[in-house]
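Engineer: File follows, structure-v7.tsv with TSV, C-alpha atoms:
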chain	number	residue	atom	x	y	z
R	63	MET	CA	0.00	0.00	0.00
R	64	THR	CA	1.37	3.37	-0.95
R	65	ALA	CA	0.57	6.52	0.99
R	66	SER	CA	-0.50	8.32	-2.18
R	67	GLN	CA	-3.77	6.33	-2.45
R	68	PRO	CA	-6.89	8.49	-2.33
R	69	ALA	CA	-9.44	8.15	0.47
R	70	ALA	CA	-11.27	5.08	-0.85
R	71	PRO	CA	-8.66	2.41	-1.56
R	72	THR	CA	-9.27	-0.10	-4.32
R	73	LEU	CA	-10.27	-3.52	-3.04
R	74	HIS	CA	-9.33	-6.84	-4.54
R	75	LEU	CA	-10.95	-10.21	-4.02
R	76	ALA	CA	-8.94	-12.99	-2.38
R	77	GLN	CA	-9.91	-16.63	-2.91
R	78	LEU	CA	-8.85	-19.79	-1.08
R	79	ASN	CA	-10.00	-23.28	-1.87
R	80	VAL	CA	-8.82	-26.51	-0.32
R	81	ALA	CA	-9.10	-29.97	-1.87
R	82	THR	CA	-8.38	-33.32	-0.22
R	83	LEU	CA	-6.59	-35.65	-2.63
R	84	ARG	CA	-8.04	-39.14	-2.93
R	85	HIS	CA	-4.57	-40.48	-3.79
R	86	PRO	CA	-1.02	-39.12	-3.48
R	87	ILE	CA	-0.28	-36.44	-6.08
R	88	ASP	CA	2.12	-38.75	-7.96
R	89	HIS	CA	-0.48	-41.54	-8.18
R	90	PRO	CA	-1.55	-42.51	-11.74
R	91	ARG	CA	-5.19	-41.65	-10.98
R	92	ILE	CA	-4.17	-38.07	-10.15
R	93	ALA	CA	-2.03	-37.77	-13.30
R	94	PRO	CA	-4.79	-36.18	-15.44
R	95	PHE	CA	-5.13	-33.44	-12.82
R	96	VAL	CA	-1.37	-32.87	-12.66
R	97	GLU	CA	-1.25	-32.65	-16.47
R	98	MET	CA	-3.79	-29.83	-16.40
R	99	LEU	CA	-1.93	-27.78	-13.77
R	100	ASP	CA	0.44	-25.94	-16.10
R	101	PRO	CA	-2.06	-25.00	-18.83
R	102	VAL	CA	-4.74	-23.99	-16.33
R	103	ASN	CA	-2.28	-21.95	-14.23
R	104	ALA	CA	-1.04	-20.27	-17.40
R	105	ALA	CA	-4.67	-19.46	-18.30
R	106	ALA	CA	-5.14	-17.94	-14.84
R	107	ASP	CA	-2.02	-15.81	-15.16
R	108	SER	CA	-3.31	-14.29	-18.39
R	109	ALA	CA	-6.99	-14.13	-17.42
R	110	PRO	CA	-8.69	-10.70	-17.31
R	111	GLY	CA	-8.62	-9.37	-13.75
R	112	PHE	CA	-6.00	-11.81	-12.44
R	113	VAL	CA	-3.74	-10.24	-9.81
R	114	TRP	CA	-1.74	-12.91	-7.95
R	115	ARG	CA	-1.61	-16.58	-7.02
R	116	LEU	CA	0.30	-18.50	-4.42
R	117	VAL	CA	3.31	-20.40	-5.82
R	118	GLU	CA	5.77	-22.51	-3.87
R	119	ASP	CA	9.35	-21.26	-4.19
R	120	GLY	CA	11.14	-22.92	-7.07
R	121	THR	CA	7.95	-24.36	-8.63
R	122	ASP	CA	5.11	-23.15	-10.85
R	123	ASP	CA	2.26	-24.05	-8.49
R	124	ALA	CA	1.30	-24.50	-4.84
R	125	THR	CA	0.46	-28.21	-4.84
R	126	GLY	CA	3.59	-29.02	-2.80
R	127	LEU	CA	2.49	-26.78	0.06
R	128	ARG	CA	0.31	-28.62	2.57
R	129	PRO	CA	-0.60	-26.06	5.25
R	130	ALA	CA	-4.05	-27.55	5.79
R	131	GLY	CA	-3.08	-31.22	6.09
R	132	GLU	CA	-0.84	-33.85	4.52
R	133	ASN	CA	-3.20	-34.72	1.66
R	134	VAL	CA	-4.90	-31.30	1.31
R	135	ILE	CA	-3.78	-29.04	-1.53
R	136	VAL	CA	-4.52	-25.32	-1.38
R	137	ASN	CA	-5.23	-22.77	-4.10
R	138	LEU	CA	-4.87	-19.12	-3.03
R	139	THR	CA	-5.44	-16.34	-5.56
R	140	VAL	CA	-6.27	-12.61	-5.81
R	141	TRP	CA	-8.54	-11.00	-8.44
R	142	GLU	CA	-9.69	-7.51	-9.35
R	143	SER	CA	-13.37	-8.43	-9.11
R	144	GLN	CA	-15.70	-11.27	-8.31
R	145	GLU	CA	-16.84	-11.38	-11.95
R	146	ALA	CA	-13.24	-11.91	-13.10
R	147	LEU	CA	-12.76	-14.76	-10.64
R	148	TRP	CA	-16.12	-16.33	-11.57
R	149	ASP	CA	-15.38	-16.19	-15.28
R	150	PHE	CA	-12.00	-17.83	-14.80
R	151	THR	CA	-13.28	-20.47	-12.38
R	152	TYR	CA	-16.29	-21.54	-14.42
R	153	ARG	CA	-15.87	-20.15	-17.94
R	154	SER	CA	-12.34	-21.13	-18.90
R	155	GLY	CA	-10.31	-24.34	-19.15
R	156	HIS	CA	-10.54	-24.44	-15.35
R	157	LEU	CA	-14.14	-25.69	-15.62
R	158	GLU	CA	-12.86	-29.03	-16.91
R	159	VAL	CA	-10.84	-29.43	-13.69
R	160	MET	CA	-13.97	-28.63	-11.70
R	161	ARG	CA	-16.09	-31.05	-13.72
R	162	ARG	CA	-13.75	-33.94	-12.91
R	163	ARG	CA	-13.22	-32.97	-9.27
R	164	ARG	CA	-14.89	-36.12	-7.94
R	165	ASP	CA	-12.27	-38.27	-9.72
R	166	TRP	CA	-9.44	-36.70	-7.78
R	167	PHE	CA	-10.73	-35.10	-4.59
R	168	GLU	CA	-12.75	-36.19	-1.59
R	169	ARG	CA	-16.11	-34.53	-1.24
R	170	HIS	CA	-16.04	-31.89	1.47
R	171	VAL	CA	-18.95	-31.59	3.84
R	172	ALA	CA	-17.67	-28.31	5.28
R	173	ALA	CA	-17.02	-25.25	3.10
R	174	HIS	CA	-13.96	-25.68	0.88
R	175	LEU	CA	-13.92	-22.29	-0.82
R	176	VAL	CA	-13.84	-18.86	0.78
R	177	LEU	CA	-13.76	-15.34	-0.66
R	178	TRP	CA	-12.88	-12.09	1.08
R	179	TRP	CA	-11.92	-8.54	0.17
R	180	ILE	CA	-8.41	-7.19	0.68
R	181	PRO	CA	-6.80	-3.79	0.00
R	182	ALA	CA	-5.22	-3.76	-3.45
R	183	GLY	CA	-1.51	-4.49	-3.10
R	184	HIS	CA	-1.89	-6.66	-0.02
R	185	VAL	CA	-0.58	-10.20	-0.51
R	186	PRO	CA	-2.61	-12.63	1.60
R	187	THR	CA	-0.74	-15.22	3.65
R	188	VAL	CA	-1.78	-18.85	3.86
R	189	GLY	CA	-2.45	-18.42	7.58
R	190	GLU	CA	-4.75	-15.47	6.93
R	191	ALA	CA	-6.55	-17.45	4.24
R	192	LEU	CA	-7.10	-20.46	6.51
R	193	ASP	CA	-8.45	-18.09	9.19
R	194	ARG	CA	-11.03	-16.81	6.70
R	195	LEU	CA	-12.05	-20.36	5.83
R	196	ALA	CA	-12.38	-21.18	9.53
R	197	ASP	CA	-14.49	-18.02	9.98
R	198	LEU	CA	-16.80	-19.10	7.14
R	199	ARG	CA	-17.09	-22.62	8.54
R	200	ALA	CA	-17.79	-21.40	12.07
R	201	ASN	CA	-20.05	-18.41	11.42
R	202	GLY	CA	-21.47	-18.84	7.94
R	203	PRO	CA	-21.14	-16.22	5.18
R	204	SER	CA	-20.41	-12.65	6.27
R	205	PRO	CA	-18.59	-9.66	4.74
R	206	ARG	CA	-15.41	-11.11	6.32
R	207	ALA	CA	-15.69	-14.50	4.61
R	208	PHE	CA	-18.20	-15.51	1.96
R	209	THR	CA	-18.84	-17.64	-1.13
R	210	PHE	CA	-20.01	-17.13	-4.72
R	211	ALA	CA	-23.55	-18.09	-3.74
R	212	SER	CA	-23.61	-15.70	-0.75
R	213	SER	CA	-21.36	-12.83	-1.71
R	214	TYR	CA	-20.88	-9.39	-0.22
R	215	ALA	CA	-19.94	-6.28	-2.16
R	216	ALA	CA	-16.56	-4.68	-1.56
R	217	THR	CA	-18.25	-1.55	-0.16
R	218	GLU	CA	-20.03	-3.63	2.44
R	219	ALA	CA	-16.82	-5.29	3.55
R	220	ALA	CA	-14.99	-1.95	3.63
R	221	ALA	CA	-17.76	-0.40	5.74
R	222	ARG	CA	-17.18	-3.10	8.33
R	223	GLY	CA	-13.41	-2.80	8.31
R	224	LEU	CA	-12.89	-5.82	6.00
V	1230	MET	CA	-43.92	-6.20	-19.02
V	1231	LYS	CA	-45.20	-9.65	-18.16
V	1232	ASP	CA	-43.58	-12.60	-19.91
V	1233	ILE	CA	-46.76	-13.49	-21.75
V	1234	ASP	CA	-47.07	-9.94	-23.12
V	1235	ALA	CA	-43.41	-9.86	-24.14
V	1236	ILE	CA	-43.74	-13.16	-25.98
V	1237	ALA	CA	-46.91	-11.91	-27.70
V	1238	VAL	CA	-44.81	-9.13	-29.26
V	1239	LEU	CA	-43.06	-11.85	-31.30
V	1240	GLN	CA	-46.30	-12.86	-32.98
V	1241	ASP	CA	-45.85	-10.31	-35.78
V	1242	PRO	CA	-43.93	-12.21	-38.50
V	1243	VAL	CA	-41.65	-9.32	-39.52
V	1244	ARG	CA	-40.85	-8.56	-35.91
V	1245	ARG	CA	-40.13	-12.23	-35.29
V	1246	ARG	CA	-37.72	-12.38	-38.23
V	1247	LEU	CA	-35.95	-9.25	-37.02
V	1248	TYR	CA	-35.61	-10.71	-33.54
V	1249	GLU	CA	-34.22	-13.96	-34.89
V	1250	TYR	CA	-31.83	-12.11	-37.20
V	1251	VAL	CA	-30.38	-9.95	-34.38
V	1252	VAL	CA	-30.09	-12.91	-32.00
V	1253	ALA	CA	-28.30	-15.03	-34.61
V	1254	GLN	CA	-25.56	-12.42	-35.10
V	1255	GLY	CA	-24.43	-12.70	-31.49
V	1256	ARG	CA	-23.39	-9.00	-31.40
V	1257	GLU	CA	-24.85	-5.51	-31.68
V	1258	VAL	CA	-26.71	-4.98	-34.95
V	1259	GLY	CA	-27.61	-1.62	-36.51
V	1260	ARG	CA	-30.96	-0.73	-38.09
V	1261	ASN	CA	-29.68	-0.75	-41.65
V	1262	GLU	CA	-28.07	-4.15	-41.27
V	1263	ALA	CA	-31.17	-5.66	-39.67
V	1264	ALA	CA	-33.40	-4.21	-42.40
V	1265	GLU	CA	-31.16	-5.65	-45.11
V	1266	GLY	CA	-30.82	-8.96	-43.32
V	1267	VAL	CA	-34.57	-9.44	-43.20
V	1268	GLY	CA	-35.39	-7.69	-46.47
V	1269	VAL	CA	-37.66	-4.89	-45.23
V	1270	ALA	CA	-37.50	-1.10	-45.40
V	1271	ARG	CA	-35.31	0.64	-42.83
V	1272	THR	CA	-38.17	2.62	-41.26
V	1273	LEU	CA	-40.24	-0.53	-40.81
V	1274	ALA	CA	-37.26	-2.34	-39.28
V	1275	ALA	CA	-36.63	0.60	-36.93
V	1276	HIS	CA	-40.24	0.56	-35.77
V	1277	HIS	CA	-40.24	-3.16	-35.02
V	1278	LEU	CA	-36.78	-3.15	-33.42
V	1279	ASP	CA	-37.92	-0.45	-31.03
V	1280	ARG	CA	-41.04	-2.47	-30.20
V	1281	LEU	CA	-38.82	-5.45	-29.40
V	1282	ALA	CA	-36.65	-3.24	-27.19
V	1283	GLU	CA	-39.73	-1.85	-25.39
V	1284	ALA	CA	-40.85	-5.40	-24.68
V	1285	GLY	CA	-37.45	-6.15	-23.16
V	1286	LEU	CA	-36.61	-8.82	-25.74
V	1287	LEU	CA	-33.78	-6.76	-27.24
V	1288	GLU	CA	-31.47	-4.25	-25.62
V	1289	SER	CA	-30.78	-1.07	-27.51
V	1290	GLY	CA	-27.80	1.22	-27.26
V	1291	SER	CA	-26.10	3.76	-29.40
V	1292	ARG	CA	-22.71	3.63	-30.97
V	1293	ARG	CA	-20.95	6.32	-32.91
V	1294	LEU	CA	-19.85	4.58	-36.06
V	1295	SER	CA	-17.20	7.26	-36.60
V	1296	GLY	CA	-15.45	6.16	-33.41
V	1297	ARG	CA	-15.25	9.76	-32.20
V	1298	SER	CA	-17.15	11.35	-29.34
V	1299	GLY	CA	-18.28	14.78	-28.24
V	1300	PRO	CA	-20.04	17.49	-30.24
V	1301	GLY	CA	-19.52	17.25	-33.97
V	1302	ALA	CA	-18.69	13.57	-33.91
V	1303	GLY	CA	-21.87	12.75	-35.79
V	1304	ARG	CA	-25.09	11.13	-34.68
V	1305	PRO	CA	-24.70	7.83	-32.89
V	1306	ALA	CA	-26.28	4.87	-34.62
V	1307	LYS	CA	-28.84	2.85	-32.71
V	1308	VAL	CA	-27.82	-0.76	-32.22
V	1309	TYR	CA	-29.65	-3.81	-30.87
V	1310	ALA	CA	-28.66	-7.06	-29.18
V	1311	ARG	CA	-30.51	-9.80	-27.33
V	1312	ALA	CA	-31.51	-8.87	-23.79
V	1313	PRO	CA	-30.02	-11.22	-21.19
V	1314	GLY	CA	-33.26	-11.99	-19.33
V	1315	GLU	CA	-35.32	-15.12	-19.87
V	1316	ARG	CA	-39.01	-15.28	-20.77
V	1317	SER	CA	-41.18	-18.30	-20.30
V	1318	VAL	CA	-44.84	-19.00	-20.14
V	1319	SER	CA	-46.47	-22.06	-18.65
V	1320	LEU	CA	-50.19	-22.69	-18.78
V	1321	PRO	CA	-51.23	-23.70	-16.23
V	1322	GLY	CA	-48.55	-22.15	-14.02
V	1323	ARG	CA	-45.74	-24.59	-13.33
V	1324	ASP	CA	-42.31	-23.91	-11.85
V	1325	TYR	CA	-39.76	-26.37	-13.20
V	1326	ARG	CA	-36.90	-23.94	-12.61
V	1327	THR	CA	-37.27	-24.06	-8.85
V	1328	ALA	CA	-37.53	-27.83	-9.07
V	1329	ALA	CA	-34.35	-27.94	-11.16
V	1330	GLU	CA	-32.50	-25.71	-8.71
V	1331	LEU	CA	-33.55	-27.76	-5.71
V	1332	LEU	CA	-32.61	-31.03	-7.39
V	1333	ALA	CA	-29.26	-29.56	-8.45
V	1334	GLU	CA	-28.58	-28.32	-4.93
V	1335	ALA	CA	-29.33	-31.74	-3.47
V	1336	ALA	CA	-27.21	-33.48	-6.14
V	1337	GLU	CA	-24.34	-31.05	-5.52
V	1338	ARG	CA	-24.43	-31.61	-1.77
V	1339	ALA	CA	-24.60	-35.37	-2.16
V	1340	GLY	CA	-21.89	-35.44	-4.84
V	1341	LEU	CA	-24.09	-37.17	-7.40
V	1342	ASP	CA	-22.17	-36.00	-10.50
V	1343	ALA	CA	-21.50	-39.50	-11.84
V	1344	GLY	CA	-25.12	-40.60	-11.59
V	1345	LEU	CA	-26.39	-37.37	-13.11
V	1346	ASN	CA	-23.93	-37.63	-16.00
V	1347	ALA	CA	-24.94	-41.23	-16.69
V	1348	ALA	CA	-28.62	-40.23	-16.80
V	1349	ALA	CA	-27.81	-37.28	-19.09
V	1350	ARG	CA	-25.80	-39.45	-21.47
V	1351	ARG	CA	-28.66	-41.96	-21.69
V	1352	ARG	CA	-31.12	-39.15	-22.36
V	1353	GLY	CA	-28.91	-37.74	-25.11
V	1354	GLU	CA	-28.71	-41.16	-26.76
V	1355	ALA	CA	-32.47	-41.56	-26.54
V	1356	LEU	CA	-33.00	-38.12	-28.09
V	1357	ARG	CA	-30.63	-38.95	-30.96
V	1358	GLY	CA	-32.88	-41.87	-31.81
V	1359	THR	CA	-30.52	-43.63	-34.20
V	1360	ASP	CA	-27.71	-46.07	-33.56
V	1361	ALA	CA	-25.18	-44.11	-35.59
V	1362	PRO	CA	-23.29	-41.14	-34.16
V	1363	CYS	CA	-23.64	-37.82	-36.03
V	1364	ALA	CA	-21.89	-38.19	-39.39
V	1365	GLY	CA	-20.46	-34.68	-39.52
V	1366	LEU	CA	-20.59	-31.13	-38.18
V	1367	GLU	CA	-23.59	-30.21	-40.32
V	1368	GLU	CA	-25.71	-32.99	-38.90
V	1369	ALA	CA	-24.48	-32.15	-35.40
V	1370	MET	CA	-25.48	-28.50	-35.91
V	1371	ALA	CA	-28.98	-29.48	-36.97
V	1372	VAL	CA	-29.32	-31.67	-33.88
V	1373	LEU	CA	-28.01	-28.90	-31.62
V	1374	ALA	CA	-30.26	-26.28	-33.21
V	1375	ALA	CA	-33.29	-28.49	-32.59
V	1376	ARG	CA	-32.36	-28.57	-28.88
V	1377	GLY	CA	-32.10	-24.76	-28.66
V	1378	TYR	CA	-28.31	-24.44	-28.47
V	1379	GLU	CA	-28.05	-21.89	-31.34
V	1380	PRO	CA	-24.94	-23.44	-32.90
V	1381	HIS	CA	-22.62	-21.56	-35.24
V	1382	LEU	CA	-19.37	-22.45	-36.96
V	1383	GLU	CA	-16.19	-20.78	-35.85
V	1384	ALA	CA	-12.77	-21.10	-37.44
V	1385	ALA	CA	-10.67	-23.14	-35.03
V	1386	ALA	CA	-7.15	-22.05	-35.84
V	1387	PRO	CA	-5.85	-19.80	-38.61
V	1388	GLU	CA	-3.57	-22.40	-40.15
V	1389	GLY	CA	-3.41	-23.76	-43.68
V	1390	GLU	CA	-6.08	-22.41	-45.98
V	1391	GLY	CA	-8.75	-23.05	-43.37
V	1392	ALA	CA	-11.09	-24.84	-45.74
V	1393	GLY	CA	-13.22	-27.81	-44.82
V	1394	GLU	CA	-14.99	-28.89	-41.67
V	1395	GLY	CA	-11.78	-29.98	-39.97
V	1396	ALA	CA	-10.75	-26.36	-39.58
V	1397	SER	CA	-13.88	-25.33	-37.73
V	1398	VAL	CA	-15.51	-25.95	-34.39
V	1399	VAL	CA	-19.20	-25.63	-33.60
V	1400	ARG	CA	-19.80	-23.20	-30.74
V	1401	MET	CA	-23.18	-22.50	-29.18
V	1402	ARG	CA	-24.58	-19.10	-28.31
V	1403	ASN	CA	-27.25	-20.42	-25.98
V	1404	CYS	CA	-27.09	-22.58	-22.89
V	1405	PRO	CA	-30.51	-24.21	-22.45
V	1406	PHE	CA	-29.69	-24.71	-18.75
V	1407	HIS	CA	-28.32	-21.20	-18.17
V	1408	ALA	CA	-29.95	-20.27	-14.85
V	1409	VAL	CA	-29.12	-23.58	-13.17
V	1410	ALA	CA	-25.68	-23.76	-14.80
V	1411	GLU	CA	-24.80	-20.37	-13.31
V	1412	ARG	CA	-25.63	-21.60	-9.81
V	1413	PHE	CA	-24.01	-25.04	-10.02
V	1414	PRO	CA	-21.49	-24.80	-12.86
V	1415	PRO	CA	-19.41	-27.98	-12.54
V	1416	LEU	CA	-22.45	-30.16	-11.86
V	1417	VAL	CA	-24.75	-28.74	-14.55
V	1418	CYS	CA	-22.04	-28.10	-17.17
V	1419	GLY	CA	-20.86	-31.69	-16.64
V	1420	MET	CA	-24.43	-32.86	-17.12
V	1421	ASN	CA	-24.70	-30.77	-20.28
V	1422	LEU	CA	-21.49	-32.26	-21.71
V	1423	ALA	CA	-22.73	-35.79	-20.99
V	1424	LEU	CA	-26.09	-34.99	-22.62
V	1425	LEU	CA	-24.32	-33.64	-25.71
V	1426	GLU	CA	-22.00	-36.65	-25.86
V	1427	GLY	CA	-25.08	-38.85	-25.94
V	1428	LEU	CA	-26.77	-36.60	-28.50
V	1429	ILE	CA	-23.75	-36.47	-30.85
V	1430	GLY	CA	-22.64	-40.04	-30.19
V	1431	VAL	CA	-19.26	-41.23	-28.94
V	1432	GLY	CA	-16.66	-42.78	-31.26
V	1433	GLY	CA	-18.01	-41.18	-34.43
V	1434	PRO	CA	-16.51	-38.55	-36.74
V	1435	VAL	CA	-17.45	-35.65	-34.44
V	1436	ARG	CA	-17.09	-35.24	-30.71
V	1437	ALA	CA	-18.19	-32.89	-27.93
V	1438	ARG	CA	-15.58	-31.38	-25.64
V	1439	MET	CA	-15.60	-28.94	-22.72
V	1440	ASP	CA	-14.23	-25.55	-23.77
V	1441	ALA	CA	-15.90	-22.96	-21.58
V	1442	ARG	CA	-15.76	-19.24	-22.24
V	1443	PRO	CA	-17.85	-16.35	-20.93
V	1444	GLY	CA	-21.29	-15.83	-22.43
V	1445	GLU	CA	-21.61	-19.09	-24.38
V	1446	CYS	CA	-22.37	-22.75	-23.87
V	1447	CYS	CA	-19.41	-24.49	-22.20
V	1448	VAL	CA	-19.13	-27.20	-24.86
V	1449	VAL	CA	-17.76	-27.21	-28.40
V	1450	VAL	CA	-18.34	-29.84	-31.06
V	1451	GLU	CA	-15.51	-30.61	-33.47
V	1452	ALA	CA	-14.16	-33.26	-35.81
V	1453	SER	CA	-12.67	-36.20	-33.94
V	1454	LYS	CA	-8.92	-36.51	-34.29
V	1455	ASN	CA	-8.93	-40.12	-35.36
V	1456	ASN	CA	-6.46	-40.38	-38.23
V	1457	GLY	CA	-3.28	-38.69	-37.13
V	1458	ASP	CA	-2.74	-34.96	-37.02
Go ahead and express the file in the form of structure tokens.

Structural biologist:
Amino acid sequence: MTASQPAAPTLHLAQLNVATLRHPIDHPRIAPFVEMLDPVNAAADSAPGFVWRLVEDGTDDATGLRPAGENVIVNLTVWESQEALWDFTYRSGHLEVMRRRRDWFERHVAAHLVLWWIPAGHVPTVGEALDRLADLRANGPSPRAFTFASSYAATEAAARGL
Amino acid sequence: MKDIDAIAVLQDPVRRRLYEYVVAQGREVGRNEAAEGVGVARTLAAHHLDRLAEAGLLESGSRRLSGRSGPGAGRPAKVYARAPGERSVSLPGRDYRTAAELLAEAAERAGLDAGLNAAARRRGEALRGTDAPCAGLEEAMAVLAARGYEPHLEAAAPEGEGAGEGASVVRMRNCPFHAVAERFPPLVCGMNLALLEGLIGVGGPVRARMDARPGECCVVVEASKNNGD
């Protein structure tokens, strides 16, 4: 954040989703998912409204990081708007990953995706992201932590101090 | 305007042809172009296009064809495109959309993707009604059009001289499951792909494949890559 920002700072949308692998990531049944990682991540990087995604040092993705459990992979990204994130998630090559999610991931009973607003320029940490997911799971959707189906506008989140 | 009144506006044959012409272009269409496309006078086309916009079936806007703005840039031309809303009439009143949303929500929560896809594929096969898969893109387009997908050919890649069916993919302007697909995308788009696979037939000269992009159906139909590449 620079000090030269005007009174109302721009807000970006942060997104975390967690997925529990049904097999180790190097298992043949997970191979089709692993094959799609590079093209889908490249599509994200060039998608309209893409800002940032979590990448493990020395790799091109975050599948090696396991902050939420040994077999749980995390996907943490930042977007300029909810529409941009929605279009990438469901109206790009990423939809094919979503369509086949039952082949590779356990079904989650608790929420596995959380959205929240951040000041533009802020880089969310994994710990912060997992806190938002825990907030959503414990308290349901709120301006602090919400989902596509129950979203809150940036202005609403800003009015309540994010 | 109530749905039944909006739909009644389409009863006039000229108006109906204008509506269908604009919708089929998949972009903003000016009055002159619409009049020429349908073969009526410009003033008549303008009258009917405005009636369609009043009924909420088309959206109208203005665009300066000169590309300039401000005073002296010339009059903006009025342009029309399909309005995003949906209209439906059921007599007597029935509400299948709520039923579809509730069933989708339950299927999503229970993780019933595989069962739903199997049912969709069987339905597609039953709708196809023949044992043979679609023989080519033209036949596939006719089948898709009959199901309301509004198919159109799009050049796949600008390589070679681009002639022949192999160079094109069929994309679809309309998603017949739009409202439910927006709420449960992986579930309903997966169902849609399975339905289309059944409808087109698997193992034939054409195939359906997921290729989602904003504002269109998530599936494309293309020639199968069966004999090398």

Engineer: When you count only C-alpha atoms, which of these residues is closest to Leu1247 in chain V: V:Ala1310, V:Leu1278, V:Leu1286, V:Ile1233?

Structural biologist: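 Counting only C-alpha atoms, the residue closest to Leu1247 in chain V is V:Leu1278.
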
Engineer: May I have the residues of chain R within 8 Å of chain V, counting only C-alpha atoms, written as a VMD selection string?

Structural biologist: chain R and resid 149 152 to 155 157 to 158 160 to 161 164 169 171 211

Engineer: Could you pull the residues within 10 Å of range 212-220 of chain R, counting all atoms listed in the file, minus those fewer than 3 positions along the same chain, as a VMD selection string?

Structural biologist: chain R and resid 70 to 75 143 to 144 176 to 181 202 to 209 223 to 224

Engineer: Which value, in Å to one decimal, gives the distance between CA of Arg1244 in chain V and CA of Val1269 in chain V?

Structural biologist: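 About the pair CA of Arg1244 in chain V and CA of Val1269 in chain V: they are 10.5 Å apart.
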
Engineer: To one decimal place in Å, what is the distance between CA of Ser1289 in chain V and CA of Arg1260 in chain V?

Structural biologist: 10.6 Å

Engineer: Which residue gives the smallest distance to Glu168 in chain R among R:Asn103, R:Ile135, R:Asp193, R:Asp119, with all atoms listed in the file counted?

Structural biologist: R:Ile135
